[in-house]
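Peer 1: There's a structure below that I have some questions on.
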Amino acid sequence: MIAFIENLGESALNIFEKLGRGVVFFINALAGFPALILRFTLVIQQLYAVGVLSLIIIGVAGFFVGMVLGLQGYNTLIDFGAEESLGVVVALTLVRELGPVVSALLYAGRAGSALTAEIGLMKATEQLSAMEMMAVDPMHRVIAPRLLAGIIAVPLLAALFSAVGVMGGYFVGVGLVGVDEGTFWSQMQDSVDIYDDVLNGVIKSIVFGIVVTWIAVFEGYDTVPTSEGVSRATTRTVVHGSLAVLGLDFVLTALMFGD
Amino acid sequence: MQHTKMVHLWVGLFVAIGIASLFMLAMRVSNITAFAETEGYQLTLNFDNIGGLKVRSPVTMAGVVIGRVSEISFDKEIYEAEVKVTIENQYDNIPEDTSASIFTSGLLGEQYIGLEAGGSDTFLKQGDRFKLTQSAVVLEQLIGQFLVSKASE
Amino acid sequence: MVDSQSSASRESSSGDDKPLVEIRGLTFYRGSRAIFDNIDIDIHRGKLTAIMGPSGTGKTTLLRLIGGQLRPHAGTILVDGESVTKLSYKQLYQLRKRIGMLFQNGALFTHQNVFDNVAFALREHTKLPESMIRDIVLMKLEAVGLRGAHQLMPVELSGGMSRRVALARAIALDPMMMMYDEPFTGQDPITMGVLVSLLRRLNDALHLTSILVSHDVKETLSIADYAYVISEGKVVEHGTADALKNTQSDWVKQFLNGLSDGPVPFHYPAGDLYEDLLNGGKS
């Protein structure tokens, strides 16, 4: 029993210690942001890695999610004779929830894990140490551009996801099951509020972008420099990143749409 | 160098696609015109019951949106709801005996304020109060009345 | 800018005989184990000094301490008169520009080709035009004999070539001091021979001060001007290569000649074998 409580205390301390390191790490990385303005090429290279290479998975996933929403929404709404609200259902679900959340989850799996593995391997092969000994701070040269690129990329990916999703819903709703095109769009425009829905969705995705990328680069930097350590860190990025997204989504939803 | 150029091209494309998506969400999915706070003048209405009326609900006349609800509060002196609406400046000729009612779009849709123009020559201006208002129809009351009238037949 | 700095330091150094690196009372713990226990080491200017010792004695740790990547628990480390432990972030990074380090496996940036690897520090720290960077990089690569390989990616290189590229990268900024971490480990005899002579030639041609950490005794002693032997956190012997060969210490004899048994036991400390076997599962 005492051993159990001891274990509990130890893991709690470990968690807090890691959290503390993470916060210090984040602040150090932020300190590297101003210098990036002069060397934006570094950020562009990372935008390619986290953004461009995630385009296809985000686009395809968004389209299918939109189509499913269109079909499910239609089947449910037709029971109440409210199928003209299909556009509203599809758009609100995507813009408020699925766009930011699913794209952040996909981003954690596609780009976050790659970030962790890359940085972890750079650490394991002493590339980060070598950089330090060449008087280049890896926090500024390696971490900061990746963090910034992630923060820029995720909201754009989420917007793309929602937009493609709406088109998927339109394709099914208007194209396949025959909801009137005019009502589809006009009902949507009437009910979707640019401030309450669209902007809040964008804020969500910015928060997710910061948190997931932060977790990814921190796990990479904090890796135990062995092949096992890198694989564990990569797993942790996906698991912790996804859980953080879902947990934060609840908190943000409660804050934004609570009243 | 060739490689760097391709990277820049793709990233440019990526950012363009992202911004285009945001633009589409703003313009096509939601209604950007509703976002811009239109210049307007305020009028006040009192209702016994506002039902599901919300801030930013539309105010229509002959079905056309001419303003939006800007504030809802409870007047504890007279136990009524006080609704402030902002009417766009271009509609500055609403007669003072205009009546306002709360309607529902469709059976379960959003509620809005519908205005029916009166015949007076004097128009409402900033800060004025409507004299004729009709409360929201509450579905339960309607069903109750229907049942009572059925029973008395 | 970098050039003027390092040449200035060289000029200032020519007058006095103070060692370039002066380590006094260095103590460093990893967990509760003392990696270094109050050791003193001097690295003299222009000399190639070897630090030798069995695996796990923290030779790499020593280089990291000198480079300021780790902080000692006690003691001072002076590099060119500056105390590494007391430097600010900026000063430490200024100092590192004058120190080159060769990591055990080269630690090349795997996403960049050989040319970009060598050019890395030049592009980060200087505002030289690309054409001049090209000239410098090719000269450094020529010095390690790999000018022809400048378009290759690190994965296409053999272990020995990677180390030579890393060497070219480390000397790109014309450092005053080079630190080599186990440069000979896992190399075939030919590569080893190439690296050994390269290290010596670079030290003399570029007027470097070199610290060579290794447990390859024969190769190391063949080029080192001076050597320290470290074991269990202590300096057990130091002197020139010849002096070491005539050591009185049994332990150093065993280490230098690679005998399998001697003061260093073959067995890791353990309880009685018979008892251990009888105990079965309950350890």
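By convention here, the chains of the structure tokens are called A, B, ... in the order presented, each chain's residues are numbered starting at 1, and ligands are numbered starting at 1 in the order presented.
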Could you produce a table of the residues of chain A lying within 8 Å of chain C, with the nearest pair of atoms per residue and their separation in Å rounded to one decimal, using only C-alpha atoms, ordered by chain and increasing residue number, as JSON lines?

Peer 2:
```
{"residue": "A:Met122", "atom": "CA", "partner": "C:Phe109", "partner_atom": "CA", "distance": 7.8}
{"residue": "A:Thr125", "atom": "CA", "partner": "C:Ala107", "partner_atom": "CA", "distance": 5.6}
{"residue": "A:Glu126", "atom": "CA", "partner": "C:Ala107", "partner_atom": "CA", "distance": 5.3}
{"residue": "A:Gln127", "atom": "CA", "partner": "C:Ala107", "partner_atom": "CA", "distance": 4.8}
{"residue": "A:Ala130", "atom": "CA", "partner": "C:Ala107", "partner_atom": "CA", "distance": 6.5}
{"residue": "A:Glu132", "atom": "CA", "partner": "C:Gln69", "partner_atom": "CA", "distance": 8.0}
{"residue": "A:Met133", "atom": "CA", "partner": "C:Arg96", "partner_atom": "CA", "distance": 5.8}
{"residue": "A:Met134", "atom": "CA", "partner": "C:Lys97", "partner_atom": "CA", "distance": 6.0}
{"residue": "A:Ala135", "atom": "CA", "partner": "C:Tyr93", "partner_atom": "CA", "distance": 4.9}
{"residue": "A:Val136", "atom": "CA", "partner": "C:Glu124", "partner_atom": "CA", "distance": 7.4}
```

Peer 1: Any chance you could export the current selection's all heavy atoms as a PDB file, in the first residue's frame?

Peer 2:
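again.pdb was written with the following content:
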```
ATOM      1  N   MET A 122      18.000  13.073 -34.707  1.00  0.00           N
ATOM      2  CA  MET A 122      19.078  14.069 -34.735  1.00  0.00           C
ATOM      3  C   MET A 122      19.792  14.091 -33.393  1.00  0.00           C
ATOM      4  O   MET A 122      21.008  14.261 -33.318  1.00  0.00           O
ATOM      5  CB  MET A 122      18.521  15.459 -35.046  1.00  0.00           C
ATOM      6  CG  MET A 122      18.190  15.669 -36.502  1.00  0.00           C
ATOM      7  SD  MET A 122      17.525  17.311 -36.808  1.00  0.00           S
ATOM      8  CE  MET A 122      19.031  18.233 -37.050  1.00  0.00           C
ATOM      9  N   THR A 125      21.828  10.713 -32.999  1.00  0.00           N
ATOM     10  CA  THR A 125      23.046  10.658 -33.804  1.00  0.00           C
ATOM     11  C   THR A 125      23.950  11.854 -33.525  1.00  0.00           C
ATOM     12  O   THR A 125      24.832  12.172 -34.323  1.00  0.00           O
ATOM     13  CB  THR A 125      22.716  10.617 -35.300  1.00  0.00           C
ATOM     14  OG1 THR A 125      21.873  11.726 -35.600  1.00  0.00           O
ATOM     15  CG2 THR A 125      22.009   9.344 -35.678  1.00  0.00           C
ATOM     16  N   GLU A 126      23.702  12.536 -32.423  1.00  0.00           N
ATOM     17  CA  GLU A 126      24.544  13.642 -31.946  1.00  0.00           C
ATOM     18  C   GLU A 126      24.549  14.853 -32.869  1.00  0.00           C
ATOM     19  O   GLU A 126      25.405  15.719 -32.761  1.00  0.00           O
ATOM     20  CB  GLU A 126      25.986  13.165 -31.730  1.00  0.00           C
ATOM     21  CG  GLU A 126      26.094  12.145 -30.606  1.00  0.00           C
ATOM     22  CD  GLU A 126      27.532  11.769 -30.316  1.00  0.00           C
ATOM     23  OE1 GLU A 126      28.207  11.369 -31.266  1.00  0.00           O
ATOM     24  OE2 GLU A 126      27.956  11.898 -29.167  1.00  0.00           O
ATOM     25  N   GLN A 127      23.575  14.902 -33.808  1.00  0.00           N
ATOM     26  CA  GLN A 127      23.559  16.063 -34.699  1.00  0.00           C
ATOM     27  C   GLN A 127      23.263  17.347 -33.932  1.00  0.00           C
ATOM     28  O   GLN A 127      23.794  18.412 -34.244  1.00  0.00           O
ATOM     29  CB  GLN A 127      22.518  15.874 -35.805  1.00  0.00           C
ATOM     30  CG  GLN A 127      22.883  14.788 -36.788  1.00  0.00           C
ATOM     31  CD  GLN A 127      21.840  14.623 -37.870  1.00  0.00           C
ATOM     32  OE1 GLN A 127      21.376  15.585 -38.446  1.00  0.00           O
ATOM     33  NE2 GLN A 127      21.473  13.391 -38.139  1.00  0.00           N
ATOM     34  N   ALA A 130      26.388  18.300 -32.124  1.00  0.00           N
ATOM     35  CA  ALA A 130      27.359  18.833 -33.073  1.00  0.00           C
ATOM     36  C   ALA A 130      27.018  20.270 -33.417  1.00  0.00           C
ATOM     37  O   ALA A 130      27.888  21.142 -33.490  1.00  0.00           O
ATOM     38  CB  ALA A 130      27.373  17.971 -34.333  1.00  0.00           C
ATOM     39  N   GLU A 132      25.400  22.361 -31.547  1.00  0.00           N
ATOM     40  CA  GLU A 132      25.716  23.186 -30.390  1.00  0.00           C
ATOM     41  C   GLU A 132      27.205  23.508 -30.352  1.00  0.00           C
ATOM     42  O   GLU A 132      27.599  24.637 -30.074  1.00  0.00           O
ATOM     43  CB  GLU A 132      25.323  22.418 -29.129  1.00  0.00           C
ATOM     44  CG  GLU A 132      24.460  23.198 -28.172  1.00  0.00           C
ATOM     45  CD  GLU A 132      23.962  22.285 -27.073  1.00  0.00           C
ATOM     46  OE1 GLU A 132      24.688  22.062 -26.097  1.00  0.00           O
ATOM     47  OE2 GLU A 132      22.845  21.794 -27.216  1.00  0.00           O
ATOM     48  N   MET A 133      28.031  22.485 -30.650  1.00  0.00           N
ATOM     49  CA  MET A 133      29.470  22.723 -30.612  1.00  0.00           C
ATOM     50  C   MET A 133      29.933  23.600 -31.766  1.00  0.00           C
ATOM     51  O   MET A 133      31.009  24.167 -31.731  1.00  0.00           O
ATOM     52  CB  MET A 133      30.228  21.384 -30.651  1.00  0.00           C
ATOM     53  CG  MET A 133      30.185  20.624 -29.347  1.00  0.00           C
ATOM     54  SD  MET A 133      30.693  21.591 -27.903  1.00  0.00           S
ATOM     55  CE  MET A 133      32.376  21.957 -28.339  1.00  0.00           C
ATOM     56  N   MET A 134      29.109  23.693 -32.819  1.00  0.00           N
ATOM     57  CA  MET A 134      29.436  24.640 -33.883  1.00  0.00           C
ATOM     58  C   MET A 134      28.850  26.012 -33.570  1.00  0.00           C
ATOM     59  O   MET A 134      28.710  26.856 -34.457  1.00  0.00           O
ATOM     60  CB  MET A 134      28.911  24.138 -35.226  1.00  0.00           C
ATOM     61  CG  MET A 134      29.759  23.023 -35.788  1.00  0.00           C
ATOM     62  SD  MET A 134      29.316  22.640 -37.477  1.00  0.00           S
ATOM     63  CE  MET A 134      27.980  21.534 -37.236  1.00  0.00           C
ATOM     64  N   ALA A 135      28.489  26.192 -32.303  1.00  0.00           N
ATOM     65  CA  ALA A 135      27.988  27.479 -31.827  1.00  0.00           C
ATOM     66  C   ALA A 135      26.679  27.881 -32.490  1.00  0.00           C
ATOM     67  O   ALA A 135      26.401  29.047 -32.696  1.00  0.00           O
ATOM     68  CB  ALA A 135      29.035  28.581 -32.004  1.00  0.00           C
ATOM     69  N   VAL A 136      25.875  26.882 -32.877  1.00  0.00           N
ATOM     70  CA  VAL A 136      24.538  27.169 -33.384  1.00  0.00           C
ATOM     71  C   VAL A 136      23.565  26.538 -32.405  1.00  0.00           C
ATOM     72  O   VAL A 136      23.644  25.337 -32.147  1.00  0.00           O
ATOM     73  CB  VAL A 136      24.337  26.571 -34.787  1.00  0.00           C
ATOM     74  CG1 VAL A 136      22.930  26.819 -35.267  1.00  0.00           C
ATOM     75  CG2 VAL A 136      25.345  27.158 -35.749  1.00  0.00           C
TER      76      VAL A 136
END
```

Peer 1: Leaving out range 32-35 of chain A and any residue of its chain fewer than 6 positions from it, which residues lie within 12 Å of it when counting only C-alpha atoms, given as a list of chain:residue names?

Peer 2: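 So, after excluding close chain neighbours, the residues are A:Phe25, A:Phe26, A:Thr41, A:Leu42, A:Val43, A:Val136, A:Asp137, A:Pro138, A:Met139, A:His140, A:Arg141, A:Val142, A:Ile143, A:Ala144, A:Pro145, A:Arg146, A:Leu147, A:Leu148, A:Ala149, A:Ile151.
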
Peer 1: Go ahead and write the residues just picked, N, CA and C atoms, as a PDB file, in the first residue's frame.

Peer 2:
```pdb
ATOM      1  N   PHE A  25      11.202  24.754 -22.164  1.00  0.00           N
ATOM      2  CA  PHE A  25      11.541  24.466 -23.554  1.00  0.00           C
ATOM      3  C   PHE A  25      10.751  25.354 -24.507  1.00  0.00           C
ATOM      4  N   PHE A  26       9.445  25.455 -24.234  1.00  0.00           N
ATOM      5  CA  PHE A  26       8.563  26.255 -25.091  1.00  0.00           C
ATOM      6  C   PHE A  26       9.002  27.715 -25.104  1.00  0.00           C
ATOM      7  N   THR A  41      13.282  31.378 -44.728  1.00  0.00           N
ATOM      8  CA  THR A  41      13.479  30.160 -45.522  1.00  0.00           C
ATOM      9  C   THR A  41      13.419  28.918 -44.643  1.00  0.00           C
ATOM     10  N   LEU A  42      13.975  29.032 -43.440  1.00  0.00           N
ATOM     11  CA  LEU A  42      13.960  27.890 -42.523  1.00  0.00           C
ATOM     12  C   LEU A  42      12.532  27.462 -42.238  1.00  0.00           C
ATOM     13  N   VAL A  43      11.657  28.459 -42.024  1.00  0.00           N
ATOM     14  CA  VAL A  43      10.261  28.143 -41.727  1.00  0.00           C
ATOM     15  C   VAL A  43       9.589  27.561 -42.965  1.00  0.00           C
ATOM     16  N   VAL A 136      25.875  26.882 -32.877  1.00  0.00           N
ATOM     17  CA  VAL A 136      24.538  27.169 -33.384  1.00  0.00           C
ATOM     18  C   VAL A 136      23.565  26.538 -32.405  1.00  0.00           C
ATOM     19  N   ASP A 137      22.677  27.349 -31.847  1.00  0.00           N
ATOM     20  CA  ASP A 137      21.757  26.823 -30.849  1.00  0.00           C
ATOM     21  C   ASP A 137      20.642  26.042 -31.539  1.00  0.00           C
ATOM     22  N   PRO A 138      20.556  24.732 -31.286  1.00  0.00           N
ATOM     23  CA  PRO A 138      19.510  23.951 -31.951  1.00  0.00           C
ATOM     24  C   PRO A 138      18.101  24.418 -31.602  1.00  0.00           C
ATOM     25  N   MET A 139      17.945  25.035 -30.427  1.00  0.00           N
ATOM     26  CA  MET A 139      16.622  25.575 -30.090  1.00  0.00           C
ATOM     27  C   MET A 139      16.191  26.594 -31.138  1.00  0.00           C
ATOM     28  N   HIS A 140      17.135  27.388 -31.600  1.00  0.00           N
ATOM     29  CA  HIS A 140      16.794  28.436 -32.563  1.00  0.00           C
ATOM     30  C   HIS A 140      16.822  27.912 -33.992  1.00  0.00           C
ATOM     31  N   ARG A 141      17.750  27.001 -34.274  1.00  0.00           N
ATOM     32  CA  ARG A 141      17.962  26.577 -35.648  1.00  0.00           C
ATOM     33  C   ARG A 141      17.034  25.432 -36.025  1.00  0.00           C
ATOM     34  N   VAL A 142      16.735  24.548 -35.066  1.00  0.00           N
ATOM     35  CA  VAL A 142      15.963  23.339 -35.385  1.00  0.00           C
ATOM     36  C   VAL A 142      14.544  23.422 -34.833  1.00  0.00           C
ATOM     37  N   ILE A 143      14.436  23.791 -33.554  1.00  0.00           N
ATOM     38  CA  ILE A 143      13.132  23.710 -32.887  1.00  0.00           C
ATOM     39  C   ILE A 143      12.215  24.850 -33.297  1.00  0.00           C
ATOM     40  N   ALA A 144      12.714  26.074 -33.179  1.00  0.00           N
ATOM     41  CA  ALA A 144      11.849  27.238 -33.407  1.00  0.00           C
ATOM     42  C   ALA A 144      11.190  27.226 -34.793  1.00  0.00           C
ATOM     43  N   PRO A 145      11.931  26.981 -35.888  1.00  0.00           N
ATOM     44  CA  PRO A 145      11.247  26.987 -37.189  1.00  0.00           C
ATOM     45  C   PRO A 145      10.180  25.914 -37.303  1.00  0.00           C
ATOM     46  N   ARG A 146      10.429  24.760 -36.687  1.00  0.00           N
ATOM     47  CA  ARG A 146       9.426  23.698 -36.770  1.00  0.00           C
ATOM     48  C   ARG A 146       8.172  24.073 -35.991  1.00  0.00           C
ATOM     49  N   LEU A 147       8.381  24.666 -34.818  1.00  0.00           N
ATOM     50  CA  LEU A 147       7.234  25.079 -34.000  1.00  0.00           C
ATOM     51  C   LEU A 147       6.400  26.123 -34.748  1.00  0.00           C
ATOM     52  N   LEU A 148       7.086  27.119 -35.299  1.00  0.00           N
ATOM     53  CA  LEU A 148       6.369  28.186 -35.999  1.00  0.00           C
ATOM     54  C   LEU A 148       5.631  27.630 -37.210  1.00  0.00           C
ATOM     55  N   ALA A 149       6.295  26.744 -37.952  1.00  0.00           N
ATOM     56  CA  ALA A 149       5.657  26.171 -39.138  1.00  0.00           C
ATOM     57  C   ALA A 149       4.397  25.415 -38.748  1.00  0.00           C
ATOM     58  N   ILE A 151       2.502  25.962 -36.139  1.00  0.00           N
ATOM     59  CA  ILE A 151       1.468  26.903 -35.709  1.00  0.00           C
ATOM     60  C   ILE A 151       0.810  27.568 -36.919  1.00  0.00           C
TER      61      ILE A 151
END
```

Peer 1: Just the residues within 6 Å of Val55 in chain B, please, counting only C-alpha atoms, with nothing from its chain fewer than 5 positions along; format it as a list in words.

Peer 2: Val69, Ser70 and Glu71 of chain B

Peer 1: Quick one: pick out all strand (DSSP E) residues within range 5-243 of chain C from a backbone DSSP run and write them as a PyMOL selection string.

Peer 2: chain C and resi 21-30+33-43+48-52+74-79+82-83+99-102+177-181+209-214+226-231+234-239

Peer 1: Show me which bits of chain A are within 10 Å of chain B, counting only C-alpha atoms, as JSON, numbers by chain.

Peer 2: {"A": [41, 44, 45, 46, 47, 48, 49, 51, 52, 53, 54, 55, 82, 85, 87, 88, 91, 92, 95, 152, 153, 154, 155, 156, 157, 158, 159, 160, 161, 162, 163, 164, 166, 184, 185, 186, 187, 188, 189, 190, 191, 192, 193, 194, 195, 196, 197, 198, 199, 202]}

Peer 1: Taking 5 positions as the minimum chain separation for residues in the same chain, which residues sit within 10 Å of Phe74 in chain B when counting only C-alpha atoms? Answer as a PyMOL selection string.

Peer 2: chain B and resi 46-47+79-83

Peer 1: Work out how far CA of Glu83 in chain A is from CA of Gly66 in chain A, in Å to one decimal.

Peer 2: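 Between CA of Gly66 in chain A and CA of Glu83 in chain A the gap works out to 15.7 Å.
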
Peer 1: Any idea what's packed within 9 Å of Gly109 in chain A, counting only C-alpha atoms, ignoring anything in its chain fewer than 5 positions away? Could you give it as a list of chain:residue names?

Peer 2: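 Once the nearby chain positions are removed, what remains is A:Ala104, A:Ala114, A:Thr237, A:Val238, A:Val239, A:Gly241, A:Ser242.
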
Peer 1: Between A:Thr223, A:His240, A:Trp214, A:Arg232, which one has atoms that come closest to Ala29 in chain A, using only C-alpha atoms?

Peer 2: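 The closest residue to Ala29 in chain A is A:Trp214.
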
Peer 1: Please provide as an NGL selection string all residues within 10 Å of Lys234 in chain C, with the sequence filter that same-chain residues fewer than 4 positions apart are discarded (counting only C-alpha atoms).

Peer 2: :C and (27 or 34-40 or 57 or 229-230)

Peer 1: Keeping all heavy atoms, export the residues of the selection given above as a PDB file, in the first residue's frame.

Peer 2:
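So out.pdb came out as:
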```pdb
ATOM      1  N   THR C  27      35.206  17.800 -10.775  1.00  0.00           N
ATOM      2  CA  THR C  27      34.408  16.718 -10.210  1.00  0.00           C
ATOM      3  C   THR C  27      33.067  16.700 -10.907  1.00  0.00           C
ATOM      4  O   THR C  27      32.441  17.749 -11.072  1.00  0.00           O
ATOM      5  CB  THR C  27      34.200  16.925  -8.703  1.00  0.00           C
ATOM      6  OG1 THR C  27      35.482  17.061  -8.095  1.00  0.00           O
ATOM      7  CG2 THR C  27      33.458  15.752  -8.087  1.00  0.00           C
ATOM      8  N   ALA C  34      30.699   8.928  -9.311  1.00  0.00           N
ATOM      9  CA  ALA C  34      31.612   9.997  -9.685  1.00  0.00           C
ATOM     10  C   ALA C  34      32.298   9.628 -10.995  1.00  0.00           C
ATOM     11  O   ALA C  34      33.013   8.637 -11.065  1.00  0.00           O
ATOM     12  CB  ALA C  34      32.651  10.206  -8.598  1.00  0.00           C
ATOM     13  N   ILE C  35      32.008  10.394 -12.047  1.00  0.00           N
ATOM     14  CA  ILE C  35      32.674  10.161 -13.328  1.00  0.00           C
ATOM     15  C   ILE C  35      34.094  10.720 -13.233  1.00  0.00           C
ATOM     16  O   ILE C  35      35.062  10.092 -13.653  1.00  0.00           O
ATOM     17  CB  ILE C  35      31.907  10.869 -14.464  1.00  0.00           C
ATOM     18  CG1 ILE C  35      30.462  10.389 -14.516  1.00  0.00           C
ATOM     19  CG2 ILE C  35      32.628  10.662 -15.783  1.00  0.00           C
ATOM     20  CD1 ILE C  35      30.252   9.092 -15.208  1.00  0.00           C
ATOM     21  N   PHE C  36      34.201  11.925 -12.686  1.00  0.00           N
ATOM     22  CA  PHE C  36      35.509  12.523 -12.438  1.00  0.00           C
ATOM     23  C   PHE C  36      35.572  12.921 -10.974  1.00  0.00           C
ATOM     24  O   PHE C  36      34.627  13.489 -10.450  1.00  0.00           O
ATOM     25  CB  PHE C  36      35.730  13.760 -13.307  1.00  0.00           C
ATOM     26  CG  PHE C  36      35.711  13.438 -14.772  1.00  0.00           C
ATOM     27  CD1 PHE C  36      34.749  13.986 -15.596  1.00  0.00           C
ATOM     28  CD2 PHE C  36      36.649  12.587 -15.311  1.00  0.00           C
ATOM     29  CE1 PHE C  36      34.720  13.677 -16.934  1.00  0.00           C
ATOM     30  CE2 PHE C  36      36.627  12.275 -16.651  1.00  0.00           C
ATOM     31  CZ  PHE C  36      35.659  12.813 -17.468  1.00  0.00           C
ATOM     32  N   ASP C  37      36.685  12.595 -10.366  1.00  0.00           N
ATOM     33  CA  ASP C  37      36.820  12.888  -8.950  1.00  0.00           C
ATOM     34  C   ASP C  37      38.074  13.733  -8.757  1.00  0.00           C
ATOM     35  O   ASP C  37      39.176  13.204  -8.641  1.00  0.00           O
ATOM     36  CB  ASP C  37      36.911  11.562  -8.174  1.00  0.00           C
ATOM     37  CG  ASP C  37      36.947  11.806  -6.675  1.00  0.00           C
ATOM     38  OD1 ASP C  37      36.767  12.973  -6.270  1.00  0.00           O
ATOM     39  OD2 ASP C  37      37.165  10.841  -5.935  1.00  0.00           O
ATOM     40  N   ASN C  38      37.874  15.037  -8.801  1.00  0.00           N
ATOM     41  CA  ASN C  38      38.968  15.956  -8.491  1.00  0.00           C
ATOM     42  C   ASN C  38      40.205  15.722  -9.384  1.00  0.00           C
ATOM     43  O   ASN C  38      41.268  15.388  -8.903  1.00  0.00           O
ATOM     44  CB  ASN C  38      39.345  15.775  -7.005  1.00  0.00           C
ATOM     45  CG  ASN C  38      40.165  16.952  -6.504  1.00  0.00           C
ATOM     46  OD1 ASN C  38      40.240  17.981  -7.182  1.00  0.00           O
ATOM     47  ND2 ASN C  38      40.776  16.795  -5.353  1.00  0.00           N
ATOM     48  N   ILE C  39      40.024  15.908 -10.683  1.00  0.00           N
ATOM     49  CA  ILE C  39      41.156  15.672 -11.582  1.00  0.00           C
ATOM     50  C   ILE C  39      41.704  16.987 -12.141  1.00  0.00           C
ATOM     51  O   ILE C  39      40.987  17.985 -12.240  1.00  0.00           O
ATOM     52  CB  ILE C  39      40.795  14.728 -12.756  1.00  0.00           C
ATOM     53  CG1 ILE C  39      39.705  15.344 -13.639  1.00  0.00           C
ATOM     54  CG2 ILE C  39      40.392  13.366 -12.263  1.00  0.00           C
ATOM     55  CD1 ILE C  39      39.523  14.586 -14.924  1.00  0.00           C
ATOM     56  N   ASP C  40      42.997  16.978 -12.455  1.00  0.00           N
ATOM     57  CA  ASP C  40      43.671  18.129 -13.057  1.00  0.00           C
ATOM     58  C   ASP C  40      44.235  17.700 -14.406  1.00  0.00           C
ATOM     59  O   ASP C  40      44.909  16.676 -14.494  1.00  0.00           O
ATOM     60  CB  ASP C  40      44.842  18.599 -12.179  1.00  0.00           C
ATOM     61  CG  ASP C  40      44.374  18.989 -10.792  1.00  0.00           C
ATOM     62  OD1 ASP C  40      43.192  19.351 -10.656  1.00  0.00           O
ATOM     63  OD2 ASP C  40      45.189  18.900  -9.857  1.00  0.00           O
ATOM     64  N   THR C  57      34.642   5.427 -18.926  1.00  0.00           N
ATOM     65  CA  THR C  57      35.290   6.273 -17.927  1.00  0.00           C
ATOM     66  C   THR C  57      34.935   7.734 -18.124  1.00  0.00           C
ATOM     67  O   THR C  57      35.463   8.593 -17.434  1.00  0.00           O
ATOM     68  CB  THR C  57      36.818   6.150 -17.984  1.00  0.00           C
ATOM     69  OG1 THR C  57      37.214   6.126 -19.341  1.00  0.00           O
ATOM     70  CG2 THR C  57      37.289   4.918 -17.271  1.00  0.00           C
ATOM     71  N   VAL C 229      46.033   9.056 -18.835  1.00  0.00           N
ATOM     72  CA  VAL C 229      45.250   7.835 -18.720  1.00  0.00           C
ATOM     73  C   VAL C 229      44.312   8.014 -17.532  1.00  0.00           C
ATOM     74  O   VAL C 229      44.748   8.322 -16.428  1.00  0.00           O
ATOM     75  CB  VAL C 229      46.148   6.597 -18.513  1.00  0.00           C
ATOM     76  CG1 VAL C 229      45.288   5.347 -18.424  1.00  0.00           C
ATOM     77  CG2 VAL C 229      47.149   6.480 -19.648  1.00  0.00           C
ATOM     78  N   ILE C 230      43.039   7.854 -17.818  1.00  0.00           N
ATOM     79  CA  ILE C 230      42.025   8.059 -16.782  1.00  0.00           C
ATOM     80  C   ILE C 230      41.375   6.731 -16.450  1.00  0.00           C
ATOM     81  O   ILE C 230      41.108   5.927 -17.346  1.00  0.00           O
ATOM     82  CB  ILE C 230      40.932   9.028 -17.273  1.00  0.00           C
ATOM     83  CG1 ILE C 230      41.544  10.377 -17.602  1.00  0.00           C
ATOM     84  CG2 ILE C 230      39.839   9.193 -16.243  1.00  0.00           C
ATOM     85  CD1 ILE C 230      40.524  11.379 -18.070  1.00  0.00           C
TER      86      ILE C 230
END
```

Peer 1: Just asking: which residues within range 68-160 of chain A are alpha helix (DSSP H) according to DSSP, as an MDAnalysis selection string?

Peer 2: chainID A and resid 68:77 86:92 99:107 113:124 127:133 138 144:160
